[in-house]
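Below is work-v3.tsv, which holds TSV, C-alpha atoms (C1' of nucleotides).
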```
chain	number	residue	atom	x	y	z
T	1	MET	CA	-48.93	42.07	34.59
T	2	ARG	CA	-50.50	42.66	31.17
T	3	LEU	CA	-53.18	45.35	30.67
T	4	VAL	CA	-55.04	45.98	27.43
T	5	THR	CA	-57.56	48.46	26.07
T	6	TRP	CA	-59.73	47.67	23.06
T	7	ASN	CA	-62.61	49.56	21.50
T	8	VAL	CA	-64.54	46.58	20.11
T	9	ASN	CA	-67.29	48.51	18.27
T	10	SER	CA	-70.14	46.24	19.48
T	11	LEU	CA	-69.25	43.33	21.75
T	12	LYS	CA	-72.15	41.36	20.29
T	13	ALA	CA	-70.64	41.58	16.81
T	14	ARG	CA	-67.09	41.11	18.14
T	15	MET	CA	-67.48	38.35	20.73
T	16	PRO	CA	-65.92	35.58	18.59
T	17	ARG	CA	-62.86	37.75	17.92
T	18	VAL	CA	-62.62	38.85	21.57
T	19	GLU	CA	-62.83	35.30	22.91
T	20	GLU	CA	-60.20	34.04	20.47
T	21	TRP	CA	-57.94	36.99	21.24
T	22	LEU	CA	-58.31	36.58	25.04
T	23	ALA	CA	-57.40	32.90	24.86
T	24	ASN	CA	-54.25	33.72	22.86
T	25	LEU	CA	-52.97	36.85	24.65
T	26	GLN	CA	-54.10	36.11	28.22
T	27	PRO	CA	-54.00	39.66	29.57
T	28	ASP	CA	-54.52	40.17	33.28
T	29	VAL	CA	-56.80	43.15	32.67
T	30	LEU	CA	-58.83	43.99	29.57
T	31	CYS	CA	-60.69	47.30	29.24
T	32	LEU	CA	-63.41	47.37	26.61
T	33	GLN	CA	-65.18	50.32	25.00
T	34	GLU	CA	-68.25	50.57	22.77
T	35	THR	CA	-69.78	47.30	23.93
T	36	LYS	CA	-73.15	48.68	22.73
T	37	LEU	CA	-74.85	46.33	25.22
T	38	SER	CA	-77.21	46.65	28.14
T	39	ASP	CA	-75.83	45.30	31.43
T	40	ALA	CA	-78.32	42.42	31.15
T	41	ALA	CA	-76.89	41.42	27.75
T	42	PHE	CA	-73.23	41.60	28.82
T	43	PRO	CA	-71.70	38.09	28.46
T	44	ALA	CA	-70.16	37.88	31.94
T	45	MET	CA	-70.60	34.09	32.08
T	46	ALA	CA	-68.64	33.57	28.86
T	47	PHE	CA	-65.78	35.66	30.25
T	48	GLN	CA	-65.96	33.80	33.56
T	49	ALA	CA	-65.49	30.55	31.62
T	50	LEU	CA	-62.24	32.04	30.28
T	51	GLY	CA	-61.08	32.90	33.80
T	52	TYR	CA	-62.13	36.55	34.00
T	53	GLU	CA	-64.18	38.47	36.49
T	54	SER	CA	-65.90	41.41	34.84
T	55	VAL	CA	-67.81	44.62	35.48
T	56	HIS	CA	-69.80	46.47	32.84
T	57	PHE	CA	-71.42	49.89	32.58
T	58	GLY	CA	-73.77	49.77	29.60
T	59	GLN	CA	-76.78	51.47	28.14
T	60	GLY	CA	-77.56	49.33	25.03
T	61	GLN	CA	-77.34	50.69	21.46
T	62	TRP	CA	-74.42	53.07	22.07
T	63	ASN	CA	-71.36	53.45	24.29
T	64	GLY	CA	-70.80	50.88	27.05
T	65	VAL	CA	-67.51	50.21	28.88
T	66	ALA	CA	-66.20	47.20	30.80
T	67	ILE	CA	-63.24	45.89	32.78
T	68	LEU	CA	-62.26	42.20	32.75
T	69	SER	CA	-59.67	40.95	35.24
T	70	LYS	CA	-57.86	37.80	36.31
T	71	VAL	CA	-56.32	39.63	39.29
T	72	GLY	CA	-59.45	40.79	41.11
T	73	ILE	CA	-61.93	43.65	40.74
T	74	GLU	CA	-62.49	45.92	43.74
T	75	ALA	CA	-63.83	49.41	44.47
T	76	VAL	CA	-65.92	49.67	41.31
T	77	ARG	CA	-67.19	53.11	40.27
T	78	TYR	CA	-69.66	53.62	37.44
T	79	GLY	CA	-69.27	56.92	35.58
T	80	PHE	CA	-68.84	60.24	37.34
T	81	MET	CA	-69.50	61.09	40.98
T	82	GLU	CA	-72.08	63.66	41.93
T	83	GLY	CA	-70.92	67.18	42.65
T	84	LEU	CA	-68.21	67.69	40.05
T	85	GLU	CA	-68.15	71.28	38.82
T	86	VAL	CA	-65.10	72.02	36.66
T	87	GLY	CA	-65.47	73.15	33.09
T	88	ALA	CA	-67.99	75.34	31.32
T	89	PRO	CA	-71.52	75.67	32.73
T	90	ILE	CA	-73.54	72.75	31.44
T	91	ASP	CA	-76.95	72.56	29.81
T	92	ASP	CA	-79.22	69.52	29.58
T	93	TYR	CA	-77.44	68.30	26.45
T	94	VAL	CA	-74.01	68.24	28.10
T	95	ALA	CA	-75.49	66.71	31.26
T	96	GLY	CA	-76.91	63.94	29.08
T	97	VAL	CA	-73.51	63.17	27.56
T	98	LEU	CA	-71.88	63.18	31.02
T	99	ALA	CA	-74.46	60.59	32.15
T	100	GLU	CA	-73.72	58.18	29.29
T	101	ALA	CA	-71.92	54.85	29.83
T	102	ARG	CA	-68.39	56.07	29.03
T	103	LEU	CA	-66.36	55.48	32.20
T	104	ILE	CA	-65.86	52.61	34.62
T	105	THR	CA	-63.19	52.40	37.30
T	106	ALA	CA	-61.96	49.53	39.47
T	107	THR	CA	-58.88	48.36	41.35
T	108	CYS	CA	-57.30	45.27	39.76
T	109	GLY	CA	-54.20	43.64	41.20
T	110	GLY	CA	-53.34	46.82	43.09
T	111	VAL	CA	-53.66	49.08	40.03
T	112	GLU	CA	-56.47	51.64	39.82
T	113	VAL	CA	-57.85	51.07	36.33
T	114	SER	CA	-60.31	53.19	34.35
T	115	SER	CA	-61.82	52.19	31.01
T	116	VAL	CA	-62.81	55.35	29.15
T	117	TYR	CA	-64.76	56.09	25.98
T	118	VAL	CA	-64.32	59.83	25.49
T	119	PRO	CA	-67.13	61.51	23.49
T	120	ASN	CA	-66.28	61.75	19.77
T	121	GLY	CA	-67.09	65.44	19.36
T	122	ARG	CA	-68.42	64.94	15.81
T	123	SER	CA	-67.44	68.42	14.53
T	124	VAL	CA	-66.11	71.57	16.18
T	125	ASP	CA	-69.42	73.40	15.63
T	126	ASP	CA	-71.48	70.53	17.14
T	127	PRO	CA	-72.69	70.64	20.78
T	128	HIS	CA	-71.05	67.24	21.16
T	129	TYR	CA	-67.65	68.92	20.83
T	130	GLY	CA	-68.29	71.17	23.83
T	131	ALA	CA	-69.57	68.17	25.76
T	132	LYS	CA	-66.33	66.34	24.94
T	133	LEU	CA	-64.25	69.13	26.49
T	134	VAL	CA	-66.40	69.22	29.65
T	135	TRP	CA	-66.26	65.41	29.85
T	136	LEU	CA	-62.45	65.59	29.92
T	137	ASP	CA	-62.58	68.25	32.66
T	138	ARG	CA	-64.80	65.98	34.73
T	139	LEU	CA	-62.48	63.03	34.25
T	140	ARG	CA	-59.55	65.08	35.53
T	141	GLU	CA	-61.48	66.40	38.51
T	142	GLN	CA	-62.73	62.95	39.47
T	143	LEU	CA	-59.18	61.61	39.38
T	144	SER	CA	-57.88	64.51	41.45
T	145	ARG	CA	-60.60	63.88	44.05
T	146	THR	CA	-60.41	60.11	44.22
T	147	THR	CA	-56.75	59.23	43.75
T	148	HIS	CA	-53.23	60.62	43.53
T	149	PRO	CA	-50.39	60.53	40.96
T	150	ALA	CA	-48.13	58.86	43.56
T	151	ARG	CA	-50.42	55.80	43.38
T	152	PRO	CA	-50.49	53.23	40.53
T	153	VAL	CA	-53.24	54.60	38.28
T	154	VAL	CA	-54.01	53.72	34.67
T	155	VAL	CA	-56.63	55.41	32.51
T	156	MET	CA	-56.93	53.53	29.25
T	157	GLY	CA	-59.34	53.66	26.37
T	158	ASP	CA	-60.54	55.48	23.30
T	159	PHE	CA	-59.75	59.14	23.92
T	160	ASN	CA	-60.86	60.28	20.45
T	161	ILE	CA	-57.85	62.64	20.52
T	162	ALA	CA	-54.63	62.34	18.52
T	163	PRO	CA	-52.03	63.84	20.90
T	164	GLU	CA	-49.79	65.22	18.13
T	165	ASP	CA	-49.93	65.77	14.36
T	166	ARG	CA	-47.74	62.71	13.83
T	167	ASP	CA	-50.50	60.63	15.43
T	168	VAL	CA	-52.66	60.98	12.30
T	169	TRP	CA	-51.74	59.63	8.86
T	170	ASP	CA	-52.09	63.02	7.13
T	171	PRO	CA	-52.40	66.12	9.35
T	172	ALA	CA	-53.54	68.22	6.38
T	173	LYS	CA	-56.58	65.98	5.96
T	174	PHE	CA	-57.64	66.74	9.54
T	175	THR	CA	-57.45	70.53	9.40
T	176	GLY	CA	-60.59	71.90	11.00
T	177	SER	CA	-61.66	68.49	12.32
T	178	THR	CA	-62.12	67.20	15.82
T	179	HIS	CA	-59.53	64.86	17.41
T	180	VAL	CA	-56.65	67.26	16.60
T	181	THR	CA	-57.74	70.68	17.90
T	182	PRO	CA	-55.58	72.64	20.38
T	183	GLU	CA	-58.49	72.61	22.86
T	184	GLU	CA	-58.75	68.80	22.87
T	185	ARG	CA	-54.98	68.40	23.08
T	186	ALA	CA	-54.91	70.90	25.95
T	187	LYS	CA	-57.30	68.69	27.93
T	188	LEU	CA	-54.95	65.77	27.36
T	189	ALA	CA	-52.01	67.95	28.42
T	190	GLU	CA	-53.83	68.87	31.64
T	191	LEU	CA	-54.21	65.18	32.44
T	192	GLU	CA	-50.50	64.70	31.82
T	193	GLN	CA	-49.69	67.71	34.01
T	194	TRP	CA	-51.68	66.09	36.80
T	195	GLY	CA	-49.35	63.12	36.69
T	196	PHE	CA	-49.91	60.89	33.67
T	197	THR	CA	-47.55	59.70	30.95
T	198	ASP	CA	-48.65	58.37	27.54
T	199	ALA	CA	-47.21	54.87	28.11
T	200	PHE	CA	-47.05	53.71	24.49
T	201	ARG	CA	-45.44	56.95	23.26
T	202	HIS	CA	-43.03	56.83	26.24
T	203	LEU	CA	-41.59	53.58	24.86
T	204	TYR	CA	-41.95	54.13	21.11
T	205	PRO	CA	-41.12	57.54	19.57
T	206	GLN	CA	-41.58	56.35	15.96
T	207	ASP	CA	-44.12	57.88	13.57
T	208	HIS	CA	-46.87	55.96	11.74
T	209	LEU	CA	-48.03	54.03	14.80
T	210	TYR	CA	-51.82	53.95	14.92
T	211	THR	CA	-54.62	52.23	16.86
T	212	TYR	CA	-57.63	53.06	14.68
T	213	TRP	CA	-58.32	52.82	10.96
T	214	ASP	CA	-61.62	53.81	9.35
T	215	TYR	CA	-63.45	50.87	7.78
T	216	ARG	CA	-63.92	52.90	4.62
T	217	ALA	CA	-61.79	53.18	1.51
T	218	GLY	CA	-59.33	50.47	2.56
T	219	ASP	CA	-57.74	52.79	5.11
T	220	PHE	CA	-56.15	49.96	7.13
T	221	HIS	CA	-54.32	48.48	4.16
T	222	MET	CA	-53.26	51.97	3.06
T	223	HIS	CA	-51.81	52.64	6.54
T	224	ARG	CA	-54.17	55.58	6.95
T	225	GLY	CA	-54.78	55.46	10.69
T	226	MET	CA	-54.91	57.51	13.86
T	227	ARG	CA	-53.42	56.96	17.33
T	228	ILE	CA	-56.45	57.84	19.44
T	229	ASP	CA	-56.44	54.93	21.92
T	230	LEU	CA	-54.13	55.69	24.81
T	231	VAL	CA	-52.83	54.28	28.07
T	232	LEU	CA	-52.23	57.09	30.55
T	233	ALA	CA	-50.24	55.87	33.53
T	234	THR	CA	-48.83	57.46	36.69
T	235	ALA	CA	-45.12	57.25	37.58
T	236	PRO	CA	-45.42	54.14	39.78
T	237	VAL	CA	-46.77	52.30	36.71
T	238	ILE	CA	-44.35	53.87	34.21
T	239	ASP	CA	-41.47	52.78	36.48
T	240	ARG	CA	-42.66	49.16	36.06
T	241	LEU	CA	-43.33	49.43	32.30
T	242	THR	CA	-41.46	46.87	30.18
T	243	TRP	CA	-43.17	47.06	26.79
T	244	SER	CA	-46.24	48.03	24.84
T	245	ILE	CA	-47.72	47.07	21.49
T	246	VAL	CA	-50.65	47.72	19.21
T	247	ASP	CA	-51.89	44.32	18.04
T	248	ARG	CA	-52.50	45.12	14.38
T	249	ASN	CA	-53.26	41.46	13.70
T	250	ALA	CA	-56.57	41.95	15.51
T	251	ARG	CA	-57.50	44.59	12.91
T	252	LYS	CA	-57.07	42.04	10.10
T	253	GLY	CA	-59.21	39.11	9.02
T	254	LYS	CA	-62.90	38.45	9.42
T	255	LEU	CA	-65.22	41.00	11.06
T	256	PRO	CA	-62.59	43.11	12.85
T	257	SER	CA	-63.25	46.15	15.02
T	258	ASP	CA	-62.01	49.40	13.49
T	259	HIS	CA	-59.70	49.72	16.55
T	260	ALA	CA	-56.80	47.41	17.45
T	261	PRO	CA	-56.01	46.36	21.04
T	262	LEU	CA	-53.34	48.42	22.81
T	263	MET	CA	-51.35	46.47	25.38
T	264	ILE	CA	-48.83	47.27	28.11
T	265	ASP	CA	-46.79	44.91	30.26
T	266	ILE	CA	-45.54	45.93	33.72
T	267	VAL	CA	-43.33	43.95	36.08
V	1	DA	C1'	-68.40	63.39	-7.87
V	2	DT	C1'	-67.03	65.61	-0.38
V	3	DG	C1'	-67.26	59.57	-2.22
V	4	DG	C1'	-66.05	54.98	1.14
V	5	DT	C1'	-67.96	50.76	5.54
V	6	DA	C1'	-69.71	48.84	9.72
V	7	DG	C1'	-73.12	48.45	13.51
V	8	DA	C1'	-77.06	49.98	15.84
V	9	DG	C1'	-82.23	49.15	14.61
V	10	DG	C1'	-85.65	48.57	11.42
V	11	DA	C1'	-85.56	55.10	9.11
V	12	DT	C1'	-81.65	57.01	9.75
V	13	DC	C1'	-78.01	57.93	13.30
V	14	DT	C1'	-73.24	57.25	14.88
V	15	DA	C1'	-68.52	56.66	14.19
```
Could you spell out this file's structure in C-alpha cells?
Amino acid sequence: MRLVTWNVNSLKARMPRVEEWLANLQPDVLCLQETKLSDAAFPAMAFQALGYESVHFGQGQWNGVAILSKVGIEAVRYGFMEGLEVGAPIDDYVAGVLAEARLITATCGGVEVSSVYVPNGRSVDDPHYGAKLVWLDRLREQLSRTTHPARPVVVMGDFNIAPEDRDVWDPAKFTGSTHVTPEERAKLAELEQWGFTDAFRHLYPQDHLYTYWDYRAGDFHMHRGMRIDLVLATAPVIDRLTWSIVDRNARKGKLPSDHAPLMIDIV
DNA sequence: ATGGTAGAGGATCTA
C-alpha cells in the first residue's frame, strides 16, 4: 500500500502536474494540502476518471485539504470536533484559524489517514504563531479522543515545522524564525510521545533531505530546502513500513509546487 | 541593497 502527501500550492494551478504524477506513481492514498479551492470547484470527477474516490475540505482562496483513495474512504471527519479544550485560552483570532480548512480525516484500506496543513505561524511575534501552537494541541487532543496508538494511524501533511536543525539547509539562517522554535518542536515531540514515529526519518538518517524549497533565489537548484512535510505513523504502520522517498522530480520542470510529494510504502 | 518567486485576486496578502 502506497501513501503520499503533497502540498500542491493551488490544485487549480497544479492539476496537470498532479494528474500526470498520479498516473505514473499510482499511490493508493494521496493527501493534498493547499488546494486553494472551494468544495464546489474541487475536481472530484477528474480524479474519479483516474480511479480515485476523493473527499475535500476547502474554503477557496487559501488552505484546503483533501484525501484521494483507491482503497475506499470511510468515516470522514472535516476539521476539529466541538468541545476540544487543550492549549492556551483562545480568542476570536485563534478560533478563526482553528475553523480553517486545514484537517481532513478518513479511513482508507484499514488505515486511519489525516491530511494536515498546519498553520504557518508567519513570525514568532505574530498572533498566527500562537494559533499554530494551539492548532497542534487540538490535533493531539482530537487524536487521543478518536483513536489509539495501537491502531494503524497516519497523520501526513505540511507541518510547517522542521523537527531538527539538520532539517533546514542552514540553521543559522533560521535563528529567530518560525518552523524551528523549541515550542513548535515540543508540539511535534508531544505527538511522537502519544505514539507516532516520523516515518521518513525512521528509514533515512541522512542529512540534506528536504521536502520544500522556496521558489525564490533558485533555492531548489542550490539545495536550500527544509524538511517540513512529514508522515507521522503509529507502530502498527511502522511495523509494515518498507520504504519512503521524497519525489524531487516533481519539484523540477514546468510550473512545479514549492513542495515535493513524500511517499511511504507499507506491506 | 533584508533582495528573490508564485498564487490568490484584481490592491495587496500569503507563503
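Across the model, the gap from CA of Tyr204 (chain T) to CA of Arg102 (chain T) is 27.7 Å.
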| field | Among the residues T:Asp239, T:Glu100, T:Thr234, T:Gly79, the one that comes closest to Gln193 (chain T) [using all atoms listed in the file] | value |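 Of T:Asp239, T:Glu100, T:Thr234, T:Gly79, the one nearest Gln193 (chain T), counting all atoms listed in the file, is T:Thr234.
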| request: Please identify every residue of chain T that has at least one atom no more than 10 Å from any atom of chain V, counting all atoms listed in the file, and report them as a ChimeraX atom specification. | output: /T:9-10,12-13,36,60-62,120,122,214-219,255-258
| request: Report the distance between CA of Glu164 (chain T) and CA of His208 (chain T) in Å, rounded to one decimal place. | output: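 Result for CA of Glu164 (chain T) versus CA of His208 (chain T): 11.6 Å, one decimal.
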| said: To one decimal place in Å, what is the distance between CA of Phe57 (chain T) and CA of Glu82 (chain T)? | reply: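 Pair CA of Phe57 (chain T) / CA of Glu82 (chain T) returns 16.7 Å.
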| said: (-55.1, 40.8, 35.8) in this file's frame - what residues fall within 10 Å of it? Use only C-alpha atoms (C1' of nucleotides) and give the answer as a PyMOL selection string. | reply: chain T and resi 1-4+26-30+52-53+68-73+108-111
| Could you name the residues that touch Glu112 (chain T) at 8 Å or less, counting only C-alpha atoms (C1' of nucleotides), but leaving out those on the same chain fewer than 2 positions away, as an MDAnalysis selection string? | chainID T and resid 105:108 110 114 152:154
Kindly save the residues from that selection, with C-alpha atoms included, as a PDB file, keeping the file's coordinate frame.
```
ATOM      1  CA  THR T 105     -63.190  52.400  37.300  1.00  0.00           C
ATOM      2  CA  ALA T 106     -61.960  49.530  39.470  1.00  0.00           C
ATOM      3  CA  THR T 107     -58.880  48.360  41.350  1.00  0.00           C
ATOM      4  CA  CYS T 108     -57.300  45.270  39.760  1.00  0.00           C
ATOM      5  CA  GLY T 110     -53.340  46.820  43.090  1.00  0.00           C
ATOM      6  CA  SER T 114     -60.310  53.190  34.350  1.00  0.00           C
ATOM      7  CA  PRO T 152     -50.490  53.230  40.530  1.00  0.00           C
ATOM      8  CA  VAL T 153     -53.240  54.600  38.280  1.00  0.00           C
ATOM      9  CA  VAL T 154     -54.010  53.720  34.670  1.00  0.00           C
TER      10      VAL T 154
END
```
| Skipping near chain neighbours, those fewer than 5 positions away, what residues fall within 10 Å of Met15 (chain T) using only C-alpha atoms (C1' of nucleotides), listed as number ranges by chain? | T: 8, 10, 20-21, 35, 43, 46
Dump of C-alpha atoms for the selected residues, as a PDB file, in the frame of the given file:
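After the write, part-v8.pdb holds the following:
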```pdb
ATOM      1  CA  VAL T   8     -64.540  46.580  20.110  1.00  0.00           C
ATOM      2  CA  SER T  10     -70.140  46.240  19.480  1.00  0.00           C
ATOM      3  CA  GLU T  20     -60.200  34.040  20.470  1.00  0.00           C
ATOM      4  CA  TRP T  21     -57.940  36.990  21.240  1.00  0.00           C
ATOM      5  CA  THR T  35     -69.780  47.300  23.930  1.00  0.00           C
ATOM      6  CA  PRO T  43     -71.700  38.090  28.460  1.00  0.00           C
ATOM      7  CA  ALA T  46     -68.640  33.570  28.860  1.00  0.00           C
TER       8      ALA T  46
END
```
| task | For Phe220 (chain T), work out the shell of residues within 10 Å, counting all atoms listed in the file and skipping chain neighbours fewer than 6 positions away, then give it as number ranges by chain. | result | T: 210, 212-214, 248, 251-252, 258
Dump as a PDB file, in the coordinates of the input, selection limited to C-alpha atoms:
```pdb
ATOM      1  CA  TYR T 210     -51.820  53.950  14.920  1.00  0.00           C
ATOM      2  CA  TYR T 212     -57.630  53.060  14.680  1.00  0.00           C
ATOM      3  CA  TRP T 213     -58.320  52.820  10.960  1.00  0.00           C
ATOM      4  CA  ASP T 214     -61.620  53.810   9.350  1.00  0.00           C
ATOM      5  CA  ARG T 248     -52.500  45.120  14.380  1.00  0.00           C
ATOM      6  CA  ARG T 251     -57.500  44.590  12.910  1.00  0.00           C
ATOM      7  CA  LYS T 252     -57.070  42.040  10.100  1.00  0.00           C
ATOM      8  CA  ASP T 258     -62.010  49.400  13.490  1.00  0.00           C
TER       9      ASP T 258
END
```
| Counting all atoms listed in the file, what is within 9 Å of region 125-137 of chain T, bar same-chain residues fewer than 2 positions away, as an MDAnalysis selection string? | chainID T and resid 85:90 93:95 97:98 118:123 139:142 178 183:184 187:188 190:191
